[in-house]
Amino acid sequence: MKLFSSKLFLSALALLIVCVLLVGFNLSTGRLSPLTNAAGAALTPVQRALTSAGNFVSDLFGYFYRYDSLVEENARLKARVQELEQAEREYYAAIDENASLRELAGLKRRNAEFEYELAEVIGVSSDGVSTVYTLSRGEKDGVEVNDAVVTGDGLAGYVSAVGSNFCEVKPVTDLSMSVGATISRTRETVVAEGSYELCEEGMLRLSYLKNDSDVLAGDAVETSGYGGVFPKGLLIGWVAEVLPESHGLSAYAKVRPAADLSQLKKVYIVKSFVITE
């Protein structure tokens, strides 16, 4: 029994000495002990994996947080853009409406006896030769066939058909167009009419000019009022060129419309006027 106790004591003492020596080795050299080094080598991959997993989870939560923030910010920005776009539309609509009212006021000052109806161009159709504009006014607004249609610049066309809440308009250059006209400067009476040869150029024809006519390029052409269909004094356009007829008995002129037919958006229908001689 004593022998066993002595051996046990010696074994414990030896183990203690080894541990002291190992610790002493570590402290004296500054290097890890073999046991610690082995344990660290075994645990480092596990520690690295745990650290990486922790960082991944942290980054993942951070990503979702940032994503949610970005989604909210994007929604706010979209809403703000929509508000600004709506404000811009209202701004330009107000400017357009103000311009239309000023233009209408100018027309009424020039022709106080005319009754105008403001209309919007809501459709345009063309077969390559004839063009038809659809307007937002019709019978319920007092519009009738053959009513003159004008812009602030001059005569744009005439009402060719009427529906309950819309009408169709043919431009001043249409082949069906024929109106009594006067040269503003010379007061010569002529006929302004659509021409197949000139419609592609966006012009109309001034027929029955005298060979010795004093009409010049740049002269203004206006409605004469004869026949009572169109009122007197509406500007039709400007003489672009004067040419002899093929038979040589008279001359004709090319007339460029005063109204820009390619940019019609809002027009004015002359619903009534006072006929003057």
# chains A, B, ... in the order shown; residues from 1 in each chain; ligands from 1
>>> select_by_dssp(residues="stretch 136-173 of chain A", states="strand (DSSP E or B)", output="ChimeraX atom specification")
/A:148-150,155-162,167-171
>>> residues_around(residues="stretch 241-247 of chain A", least_positions_apart="2", cutoff="8 Å", atoms="only C-alpha atoms", output="JSON, numbers by chain")
{"A": [211, 215, 216, 217, 239, 249, 250, 251, 252, 253, 254, 255]}
>>> residues_around(residues="A:Leu234", least_positions_apart="2", cutoff="7 Å", atoms="only C-alpha atoms", output="list in words")
Gly154, Leu155, Glu222, Thr223, Pro231, Lys232 and Ile236 of chain A
>>> atom_distance(atom1="atom CA of A:Phe230", atom2="atom CA of A:Val150")
11.0 Å
>>> residues_around(residues="A:Val121", least_positions_apart="6", cutoff="8 Å", atoms="only C-alpha atoms", output="list of chain:residue names")
A:Tyr133, A:Thr134, A:Leu135, A:Ser136, A:Leu264, A:Lys265, A:Lys266, A:Val267
>>> closest_atom_pairs(of="stretch 114-152 of chain A", to="stretch 193-196 of chain A", cutoff="12 Å", atoms="only C-alpha atoms", output="CSV")
residue,atom,partner,partner_atom,distance
A:Gly128,CA,A:Tyr196,CA,11.3
A:Val129,CA,A:Tyr196,CA,7.9
A:Ser130,CA,A:Tyr196,CA,9.7
>>> closest_residue(among="A:Ala156, A:Val172, A:Leu118, A:Ala161", to="A:Glu139", atoms="only C-alpha atoms")
A:Ala161
>>> atom_distance(atom1="atom CA of A:Pro257", atom2="atom CA of A:Glu201")
10.8 Å
